[in-house]
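Below is target-v5.cif, holding mmCIF, C-alpha atoms and all ligand atoms.
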data_run
#
loop_
_atom_site.label_atom_id
_atom_site.label_comp_id
_atom_site.auth_asym_id
_atom_site.auth_seq_id
_atom_site.Cartn_x
_atom_site.Cartn_y
_atom_site.Cartn_z
CA MET L 136 -18.00 10.81 4.97
CA LYS L 137 -14.25 10.81 5.73
CA ARG L 138 -11.28 11.62 3.53
CA VAL L 139 -9.16 8.49 3.14
CA LEU L 140 -5.73 8.45 1.51
CA SER L 141 -3.13 5.83 0.79
CA GLY L 142 -0.24 5.26 -1.57
CA ILE L 143 1.83 2.43 -2.89
CA GLN L 144 5.30 2.44 -4.42
CA PRO L 145 5.68 1.39 -8.06
CA SER L 146 8.53 -0.92 -7.29
CA GLY L 147 7.69 -4.42 -8.48
CA SER L 148 4.95 -7.02 -8.58
CA LEU L 149 2.02 -6.47 -6.26
CA HIS L 150 1.46 -9.43 -3.98
CA VAL L 151 -1.18 -11.05 -1.80
CA GLY L 152 0.24 -9.20 1.27
CA ASN L 153 -0.30 -5.82 -0.43
CA TYR L 154 -3.78 -6.82 -1.52
CA PHE L 155 -5.17 -8.13 1.77
CA GLY L 156 -3.00 -5.88 3.97
CA MET L 157 -3.99 -2.63 2.33
CA MET L 158 -5.33 -2.47 -1.22
CA ASN L 159 -8.68 -4.21 -0.98
CA ARG L 160 -9.55 -2.38 2.24
CA MET L 161 -8.52 0.91 0.70
CA ILE L 162 -10.51 0.32 -2.48
CA LYS L 163 -13.69 -0.41 -0.49
CA TYR L 164 -13.54 3.10 0.93
CA GLN L 165 -14.38 4.54 -2.49
CA ASP L 166 -18.04 3.52 -2.05
CA GLU L 167 -18.88 5.53 1.06
CA ASN L 168 -15.98 7.88 1.65
CA GLU L 169 -13.82 10.31 -0.23
CA LEU L 170 -10.91 8.19 -1.42
CA PHE L 171 -7.58 9.68 -2.51
CA SER L 172 -4.86 7.31 -3.63
CA CYS L 173 -1.65 7.63 -5.55
CA ILE L 174 1.26 5.72 -7.00
CA VAL L 175 4.20 7.20 -5.14
CA ASN L 176 6.87 7.47 -7.83
CA TYR L 177 8.89 10.12 -5.95
CA HIS L 178 9.25 7.57 -3.15
CA ALA L 179 10.38 4.91 -5.63
CA LEU L 180 13.25 7.18 -6.72
CA THR L 181 14.81 6.63 -3.28
CA THR L 182 15.80 3.12 -4.33
CA SER L 183 15.78 3.16 -8.14
CA ASN L 184 17.68 5.09 -10.75
CA ASP L 185 16.63 3.23 -13.88
CA PRO L 186 14.16 5.48 -15.81
CA GLU L 187 12.75 2.68 -17.94
CA VAL L 188 12.07 0.50 -14.90
CA LEU L 189 10.37 3.36 -13.02
CA ARG L 190 8.17 4.21 -16.03
CA GLU L 191 7.15 0.60 -16.53
CA ASN L 192 6.50 -0.01 -12.83
CA THR L 193 4.38 3.13 -12.62
CA ILE L 194 2.14 2.04 -15.48
CA ASN L 195 1.96 -1.52 -14.16
CA ALA L 196 0.98 -0.38 -10.66
CA THR L 197 -1.75 1.82 -12.17
CA LEU L 198 -3.12 -1.06 -14.25
CA ASP L 199 -3.03 -3.28 -11.17
CA PHE L 200 -5.04 -0.79 -9.11
CA PHE L 201 -7.66 -0.21 -11.82
CA ALA L 202 -7.94 -3.95 -12.44
CA LEU L 203 -8.41 -4.65 -8.72
CA GLY L 204 -11.44 -2.38 -8.65
CA LEU L 205 -10.14 1.12 -7.97
CA ASP L 206 -12.63 3.26 -9.84
CA PRO L 207 -11.04 6.58 -10.90
CA GLU L 208 -14.53 8.01 -11.39
CA LYS L 209 -15.57 7.35 -7.79
CA SER L 210 -12.26 8.46 -6.28
CA THR L 211 -9.22 10.65 -6.89
CA PHE L 212 -6.33 8.62 -8.23
CA TRP L 213 -3.08 10.08 -9.51
CA ILE L 214 0.64 9.61 -9.93
CA GLN L 215 2.41 11.38 -7.05
CA GLY L 216 4.90 13.19 -9.30
CA ASP L 217 2.07 14.77 -11.33
CA VAL L 218 1.15 16.89 -8.29
CA PRO L 219 4.54 18.28 -7.23
CA HIS L 220 2.96 20.31 -4.40
CA VAL L 221 4.01 17.51 -2.06
CA THR L 222 7.68 18.37 -2.60
CA GLU L 223 7.09 22.00 -1.56
CA PHE L 224 5.07 20.74 1.38
CA THR L 225 7.90 18.37 2.36
CA TRP L 226 10.29 21.31 2.54
CA ILE L 227 7.93 23.33 4.69
CA ILE L 228 7.23 20.56 7.20
CA SER L 229 10.91 19.59 7.34
CA ASN L 230 11.41 22.83 9.26
CA VAL L 231 9.14 21.74 12.09
CA THR L 232 10.57 18.20 12.23
CA ASN L 233 13.35 17.23 14.61
CA VAL L 234 16.15 15.23 12.99
CA GLY L 235 15.85 12.78 15.91
CA LEU L 236 12.29 11.90 14.91
CA ILE L 237 13.43 10.82 11.45
CA GLU L 238 16.62 9.19 12.77
CA ARG L 239 14.44 6.80 14.75
CA SER L 240 12.78 5.51 11.56
CA THR L 241 13.16 1.74 11.60
CA SER L 242 12.37 1.35 7.91
CA TYR L 243 15.39 3.54 7.03
CA LYS L 244 17.62 1.40 9.26
CA ASP L 245 16.18 -1.80 7.79
CA LYS L 246 16.77 -0.64 4.25
CA ILE L 247 20.38 0.39 4.80
CA SER L 248 21.07 -2.83 6.66
CA LYS L 249 19.95 -4.62 3.48
CA GLY L 250 22.47 -2.68 1.42
CA VAL L 251 20.28 0.15 0.08
CA ILE L 252 22.39 3.30 -0.43
CA PRO L 253 21.64 5.80 2.36
CA ASN L 254 20.86 8.84 0.20
CA MET L 255 19.00 11.89 1.55
CA GLY L 256 15.81 10.85 -0.26
CA LEU L 257 15.77 7.57 1.63
CA PHE L 258 16.39 9.41 4.91
CA SER L 259 13.60 11.92 4.20
CA TYR L 260 11.18 9.21 3.03
CA PRO L 261 8.90 9.56 6.10
CA LEU L 262 8.69 13.33 5.55
CA LEU L 263 7.55 12.89 1.97
CA MET L 264 4.98 10.34 3.12
CA ALA L 265 3.78 12.72 5.86
CA SER L 266 3.48 15.33 3.16
CA ASP L 267 1.31 13.03 0.97
CA ILE L 268 -1.00 12.56 3.91
CA LEU L 269 -1.12 16.12 5.29
CA CYS L 270 -1.11 18.00 1.99
CA PHE L 271 -4.51 16.49 1.13
CA GLY L 272 -6.13 16.83 4.54
CA SER L 273 -6.41 13.05 5.00
CA GLU L 274 -8.36 11.76 7.98
CA ILE L 275 -7.84 8.00 7.60
CA VAL L 276 -4.82 6.17 6.16
CA PRO L 277 -5.24 2.44 5.42
CA VAL L 278 -1.89 0.63 5.51
CA GLY L 279 -0.23 -2.59 6.75
CA LYS L 280 1.53 -2.76 10.10
CA ASP L 281 4.99 -1.97 8.67
CA GLN L 282 3.80 1.59 7.99
CA LYS L 283 2.65 2.25 11.56
CA GLN L 284 5.74 4.22 12.51
CA HIS L 285 5.49 6.37 9.38
CA LEU L 286 1.92 7.24 10.36
CA GLU L 287 3.04 8.18 13.87
CA ILE L 288 5.69 10.46 12.34
CA ALA L 289 3.04 12.14 10.15
CA ARG L 290 0.84 12.72 13.20
CA ASP L 291 3.74 14.12 15.24
CA ILE L 292 4.62 16.55 12.45
CA ALA L 293 1.01 17.71 12.06
CA VAL L 294 0.66 18.29 15.80
CA ARG L 295 3.93 20.23 15.93
CA PHE L 296 2.98 22.33 12.90
CA ASN L 297 -0.40 23.16 14.44
CA ASN L 298 1.21 24.04 17.78
CA ILE L 299 3.35 26.60 16.03
CA TYR L 300 1.02 27.96 13.36
CA GLY L 301 -2.52 27.23 14.57
CA ASP L 302 -5.08 24.61 13.69
CA ILE L 303 -4.32 24.15 9.99
CA LEU L 304 -3.43 20.51 9.38
CA VAL L 305 -5.76 17.54 9.86
CA ILE L 306 -4.33 14.96 12.28
CA PRO L 307 -4.60 11.63 10.43
CA GLU L 308 -5.65 8.29 11.94
CA GLU L 309 -4.12 4.99 10.88
CA ASP L 310 -6.36 2.18 9.65
CA ILE L 311 -4.53 -1.09 10.23
CA ASP L 312 -6.57 -4.28 10.18
CA LYS L 313 -5.70 -6.67 13.00
CA ASP L 314 -6.43 -9.79 10.91
CA THR L 315 -4.45 -8.85 7.81
CA GLN L 316 -1.82 -6.43 9.11
CA LEU L 317 0.97 -8.93 8.57
CA VAL L 318 0.31 -11.43 5.79
CA PRO L 319 2.97 -14.17 5.89
CA GLY L 320 5.10 -15.01 2.87
CA THR L 321 5.90 -18.49 1.59
CA ASP L 322 8.72 -18.76 4.17
CA GLY L 323 6.52 -17.65 7.10
CA GLN L 324 8.15 -14.18 7.44
CA LYS L 325 6.23 -11.04 6.42
CA MET L 326 5.42 -11.30 2.71
CA SER L 327 7.56 -8.69 0.97
CA LYS L 328 9.02 -8.19 -2.46
CA SER L 329 12.39 -7.72 -0.72
CA TYR L 330 12.32 -11.24 0.73
CA ASN L 331 11.68 -13.39 -2.34
CA ASN L 332 8.69 -14.94 -0.59
CA ILE L 333 5.76 -13.41 -2.43
CA ILE L 334 2.65 -14.82 -4.03
CA PRO L 335 1.98 -12.34 -6.84
CA ILE L 336 -1.54 -11.25 -7.79
CA PHE L 337 -0.86 -11.02 -11.51
CA GLY L 338 1.74 -12.49 -13.84
CA ASP L 339 2.68 -16.01 -14.69
CA GLU L 340 0.25 -18.60 -13.24
CA SER L 341 2.98 -21.24 -13.12
CA PHE L 342 5.05 -18.93 -10.89
CA ILE L 343 2.06 -18.37 -8.60
CA LYS L 344 1.66 -22.16 -8.33
CA LYS L 345 5.37 -22.68 -7.70
CA GLN L 346 5.32 -20.13 -4.89
CA ILE L 347 2.24 -21.64 -3.25
CA MET L 348 3.66 -25.17 -3.45
CA SER L 349 6.81 -23.87 -1.68
CA ILE L 350 4.95 -22.54 1.41
CA VAL L 351 6.81 -23.86 4.47
CA THR L 352 5.02 -26.54 6.52
CA ASP L 353 6.00 -28.44 9.65
CA SER L 354 6.50 -32.16 10.17
CA THR L 355 3.36 -32.88 12.19
CA PRO L 356 2.37 -36.52 11.42
CA VAL L 357 -0.64 -36.95 9.11
CA ASP L 358 -2.81 -38.37 11.94
CA GLN L 359 -2.26 -35.33 14.23
CA PRO L 360 -4.15 -31.97 14.23
CA LYS L 361 -2.34 -29.20 12.34
CA ASP L 362 -1.30 -25.73 13.45
CA LEU L 363 -3.87 -22.98 12.80
CA ASN L 364 -1.05 -20.45 13.07
CA SER L 365 0.88 -21.91 10.15
CA PRO L 366 1.51 -19.70 7.09
CA LEU L 367 -0.45 -22.16 4.92
CA TYR L 368 -3.58 -21.85 7.07
CA ARG L 369 -3.27 -18.09 7.48
CA LEU L 370 -2.77 -17.54 3.76
CA PHE L 371 -5.60 -19.83 2.73
CA THR L 372 -8.15 -18.19 5.05
CA LEU L 373 -7.58 -14.81 3.39
CA PHE L 374 -9.47 -16.10 0.36
CA LEU L 375 -12.36 -17.73 2.25
CA SER L 376 -15.79 -16.74 3.52
CA ASP L 377 -16.49 -17.36 7.24
CA LYS L 378 -18.30 -20.57 6.36
CA ASP L 379 -15.40 -21.91 4.27
CA LYS L 380 -12.91 -20.85 6.96
CA LYS L 381 -14.78 -23.07 9.42
CA ILE L 382 -14.55 -26.00 6.98
CA LEU L 383 -10.79 -25.45 6.57
CA GLU L 384 -10.36 -25.16 10.33
CA ASN L 385 -12.10 -28.52 10.81
CA LYS L 386 -9.86 -30.09 8.18
CA PHE L 387 -6.74 -28.74 9.91
CA LEU L 388 -7.91 -30.05 13.29
CA SER L 389 -8.90 -33.52 12.01
CA PRO L 390 -6.46 -36.35 11.31
CA GLY L 391 -5.56 -37.14 7.69
CA LEU L 392 -4.87 -33.69 6.28
CA GLN L 393 -2.14 -33.68 3.65
CA TYR L 394 -0.31 -30.41 3.16
CA GLY L 395 0.35 -31.11 -0.54
CA LYS L 396 -3.37 -31.44 -1.22
CA VAL L 397 -4.18 -28.25 0.72
CA LYS L 398 -1.55 -26.35 -1.27
CA ALA L 399 -3.02 -27.60 -4.55
CA ASP L 400 -6.47 -26.41 -3.38
CA LEU L 401 -5.01 -23.04 -2.42
CA CYS L 402 -3.47 -22.70 -5.93
CA ASP L 403 -6.89 -23.22 -7.52
CA THR L 404 -8.63 -20.92 -5.03
CA ALA L 405 -6.11 -18.07 -5.41
CA ILE L 406 -6.04 -18.26 -9.19
CA GLU L 407 -9.86 -18.30 -9.41
CA TYR L 408 -10.11 -15.45 -6.89
CA PHE L 409 -7.92 -13.17 -8.97
CA ARG L 410 -9.15 -14.35 -12.40
CA PRO L 411 -11.72 -11.56 -13.01
CA PHE L 412 -9.08 -8.97 -12.06
CA ARG L 413 -6.61 -10.59 -14.42
CA ASP L 414 -9.12 -10.38 -17.29
CA LYS L 415 -9.82 -6.73 -16.53
CA ARG L 416 -6.11 -6.00 -16.43
CA ASP L 417 -5.61 -7.56 -19.88
CA TYR L 418 -8.41 -5.36 -21.21
CA LEU L 419 -6.98 -2.19 -19.63
CA SER L 420 -3.49 -2.89 -20.91
CA LYS L 421 -4.97 -2.71 -24.41
CA ASN L 422 -6.75 0.57 -23.60
CA LEU L 423 -3.95 2.73 -22.29
CA ASP L 424 -5.51 5.93 -23.65
CA TYR L 425 -8.37 5.52 -21.19
CA VAL L 426 -5.90 4.89 -18.36
CA PHE L 427 -3.74 7.96 -19.15
CA ASN L 428 -6.83 10.11 -19.50
CA GLN L 429 -8.06 9.05 -16.06
CA LEU L 430 -4.64 9.82 -14.60
CA ALA L 431 -4.74 13.34 -16.07
CA ILE L 432 -8.21 13.91 -14.58
CA GLY L 433 -7.04 12.49 -11.23
CA SER L 434 -4.03 14.79 -11.00
CA GLU L 435 -6.24 17.80 -11.76
CA LYS L 436 -8.64 16.84 -8.96
CA ALA L 437 -5.76 16.25 -6.53
CA THR L 438 -4.13 19.56 -7.49
CA LEU L 439 -7.28 21.50 -6.58
CA VAL L 440 -7.24 20.06 -3.07
CA ALA L 441 -3.48 20.48 -2.54
CA ASP L 442 -3.64 24.07 -3.81
CA GLN L 443 -6.10 25.04 -1.10
CA ILE L 444 -4.15 23.45 1.74
CA ILE L 445 -0.77 24.73 0.54
CA ASP L 446 -2.21 28.21 0.23
CA LYS L 447 -3.27 28.18 3.89
CA VAL L 448 0.14 26.83 4.87
CA ARG L 449 1.93 29.51 2.84
CA THR L 450 -0.19 32.15 4.53
CA VAL L 451 0.34 31.02 8.13
CA THR L 452 4.07 30.50 7.64
CA GLY L 453 4.54 33.92 6.01
CA LEU L 454 5.58 32.54 2.63
CA ASN L 455 2.64 34.47 1.18
CA TYR L 456 4.10 37.92 1.78
CA SER L 457 1.81 40.25 -0.11
CA THR L 458 -0.32 42.41 2.16
CA LYS L 459 -2.71 43.29 -0.64
P1 LIG L 501 6.79 -4.63 0.23
O1 LIG L 501 7.06 -4.97 1.67
O2 LIG L 501 6.54 -5.83 -0.60
O3 LIG L 501 7.88 -3.74 -0.34
P2 LIG L 501 5.25 -2.22 0.28
O4 LIG L 501 6.17 -1.69 1.33
O5 LIG L 501 5.32 -1.62 -1.08
O6 LIG L 501 5.45 -3.79 0.21
O7 LIG L 501 3.78 -2.13 0.86
C1 LIG L 501 2.66 -1.50 0.25
C2 LIG L 501 1.47 -1.59 1.20
O8 LIG L 501 1.14 -2.95 1.44
C3 LIG L 501 1.76 -0.98 2.58
O9 LIG L 501 0.58 -0.38 3.08
C4 LIG L 501 2.14 -2.16 3.41
O10 LIG L 501 1.92 -1.94 4.79
C5 LIG L 501 1.23 -3.25 2.85
N1 LIG L 501 1.88 -4.55 3.00
C6 LIG L 501 3.02 -4.96 2.38
N2 LIG L 501 3.34 -6.21 2.73
C7 LIG L 501 2.38 -6.60 3.61
C8 LIG L 501 2.14 -7.81 4.34
N3 LIG L 501 2.96 -8.85 4.22
N4 LIG L 501 1.06 -7.86 5.15
C9 LIG L 501 0.21 -6.81 5.28
N5 LIG L 501 0.38 -5.65 4.62
C10 LIG L 501 1.44 -5.54 3.79
N1 LIG L 502 5.45 4.26 2.48
C1 LIG L 502 4.32 3.56 1.92
C2 LIG L 502 4.75 2.12 1.61
O1 LIG L 502 5.90 1.84 1.39
C3 LIG L 502 3.83 4.22 0.65
C4 LIG L 502 3.27 5.59 0.87
C5 LIG L 502 3.78 6.77 0.41
C6 LIG L 502 2.06 5.88 1.55
N2 LIG L 502 2.98 7.78 0.75
C7 LIG L 502 1.91 7.31 1.45
C8 LIG L 502 1.11 5.12 2.23
C9 LIG L 502 0.83 7.96 2.04
C10 LIG L 502 0.03 5.79 2.81
C11 LIG L 502 -0.11 7.19 2.73
O2 LIG L 502 3.94 1.28 1.54
#

Would you give me this structure, written as structure tokens?
Amino acid sequence: MKRVLSGIQPSGSLHVGNYFGMMNRMIKYQDENELFSCIVNYHALTTSNDPEVLRENTINATLDFFALGLDPEKSTFWIQGDVPHVTEFTWIISNVTNVGLIERSTSYKDKISKGVIPNMGLFSYPLLMASDILCFGSEIVPVGKDQKQHLEIARDIAVRFNNIYGDILVIPEEDIDKDTQLVPGTDGQKMSKSYNNIIPIFGDESFIKKQIMSIVTDSTPVDQPKDLNSPLYRLFTLFLSDKDKKILENKFLSPGLQYGKVKADLCDTAIEYFRPFRDKRDYLSKNLDYVFNQLAIGSEKATLVADQIIDKVRTVTGLNYSTK
């Protein structure tokens, strides 16, 4: 049994890329491993200063996770800011982290090139993420490919800390799935809420349909075989069993396939796939007391674990000064 941890920012609608890239794999861990997961609201502060939006997004992301099958009774699920140990931990590890390591962060450069204000929180983002991972002794971290560098930074920091202070921190392993590490968006680039190319999991069905109908396709004539690398094919197969994938593959390779018809089928498939989750989400949104209660229990469980690790860290670094 391994300790698995992952987090997601409460910063907008969850999409099919989040679900197949990370969430559904992460949720499956709750059955046979020790799953820790949190909604990282401290991270969201790096790009948002609207309190109402952050509050709403935090509750929505929690409802999304519970609706998608995260069971707070089988795992430890909390809101990052309810266990502020990670901020102390961030400070401690920042003293064993070279500025150059963080300066090489491509996600920081990407964000500022898109106009995000380069505040210190944004710069220190990888440190806070390393802290989430290390402060709970995580062994496995399921994420999509865009988080690979952040994971490498967390590992580097843990190794450096251990070199200085002894074998205290667990060195985490990434869990990135080759088949779903980079789910394409409707325009063929990586699906991301920053690129306006998402297919949301929840929300307005007519918007989901509009997005699917806008997936880019090429101009291969109807009587020619179609590209199995196209975003339409790659997105559709995410929802299919191996047997149904084979059927779709045959359709793509046979003459006569019409993209419009395939898109209409994908709309039905995606909406049906998420329907039970949507129903559960409606139910949970009417039972917020249950949700808040589970969050309180989750933060207590997470605090117990962080307390133990922080205590060891405080001892080896000399922050615990009493000799008694
Ligand atoms: P976004 O790019 O929409 O802002 P996040 O950065 O909040 O998404 O990602 C949350 C999690 O979902 C991360 O583990 C990330 O790697 C994964 N993820 C996001 N988009 C994709 C995608 N298109 N394909 C695979 N995984 C993804
Ligand atoms: N940086 C991650 C993302 O944007 C979110 C995150 C924060 C995270 N802390 C984490 C992911 C710890 C895994 C483990 O998606």

Taking all listed atoms of ligand LIG 502 (chain L), build the axis-aligned box, pad each of the six sides by 8 Å, then write its centre and edge lengths in Å to one decimal as lines of an AutoDock Vina configuration file.
center_x = 2.9
center_y = 4.6
center_z = 1.6
size_x = 22.0
size_y = 22.7
size_z = 18.4

- Task: Rounded to one decimal place, report the atom N2 of ligand LIG 502 (chain L)-CA of Gln346 in chain L distance in Å.
- Result: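 Separation between atom N2 of ligand LIG 502 (chain L) and CA of Gln346 in chain L: 28.6 Å.
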
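Of note, atom O8 of ligand LIG 501 (chain L) and CA of Val278 in chain L are spaced 6.2 Å apart.
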
- Query: Do you know which residues are at most 6 Å from range 155-166 of chain L counting all atoms listed in the file, after dropping those on the same chain fewer than 5 positions away, and could you put them as a PyMOL selection string?
  - Reply: chain L and resi 205+210+277-279+315-316

Write the selection just made, keeping C-alpha atoms, as a PDB file, keeping the file's coordinate frame?
ATOM      1  CA  LEU L 205     -10.140   1.120  -7.970  1.00  0.00           C
ATOM      2  CA  SER L 210     -12.260   8.460  -6.280  1.00  0.00           C
ATOM      3  CA  PRO L 277      -5.240   2.440   5.420  1.00  0.00           C
ATOM      4  CA  VAL L 278      -1.890   0.630   5.510  1.00  0.00           C
ATOM      5  CA  GLY L 279      -0.230  -2.590   6.750  1.00  0.00           C
ATOM      6  CA  THR L 315      -4.450  -8.850   7.810  1.00  0.00           C
ATOM      7  CA  GLN L 316      -1.820  -6.430   9.110  1.00  0.00           C
TER       8      GLN L 316
END

- Message: ligand LIG 502 (chain L): which residues are within 8 Å, counting all atoms listed in the file? Reply as a ChimeraX atom specification.
- Response: /L:140-144,172-175,178,260-261,263-268,276-279,281-282,285-286

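Note that the spacing between CA of Leu262 in chain L and CA of Glu287 in chain L amounts to 11.3 Å.
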
- Query: Restricting the calculation to all atoms listed in the file, which member of L:Thr181, L:Asn153, L:Leu363, L:Gly453 is positioned closest to Pro253 in chain L?
  - Reply: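 Once distances to Pro253 in chain L are computed over all atoms listed in the file, the minimum belongs to L:Thr181.
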
- Top pick for closest residue to ligand LIG 501 (chain L), considering L:Gly320, L:Gly272, L:Pro356, L:Gly250 and counting all atoms listed in the file: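 Of L:Gly320, L:Gly272, L:Pro356, L:Gly250, the one nearest ligand LIG 501 (chain L), counting all atoms listed in the file, is L:Gly320.
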
Using all atoms listed in the file, which residues sit within 7 Å of His150 in chain L once same-chain residues fewer than 5 positions away are excluded, as a PDB file with C-alpha atoms, keeping the file's coordinate frame?
ATOM      1  CA  ILE L 333       5.760 -13.410  -2.430  1.00  0.00           C
ATOM      2  CA  ILE L 334       2.650 -14.820  -4.030  1.00  0.00           C
ATOM      3  CA  PRO L 335       1.980 -12.340  -6.840  1.00  0.00           C
ATOM      4  CA  ILE L 336      -1.540 -11.250  -7.790  1.00  0.00           C
TER       5      ILE L 336
END

- Between L:Gln393, L:Ser376, L:Gln284, L:Thr225, which one has atoms that come closest to ligand LIG 501 (chain L), using all atoms listed in the file?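 Checking each candidate against ligand LIG 501 (chain L), we get L:Gln284 as the closest.
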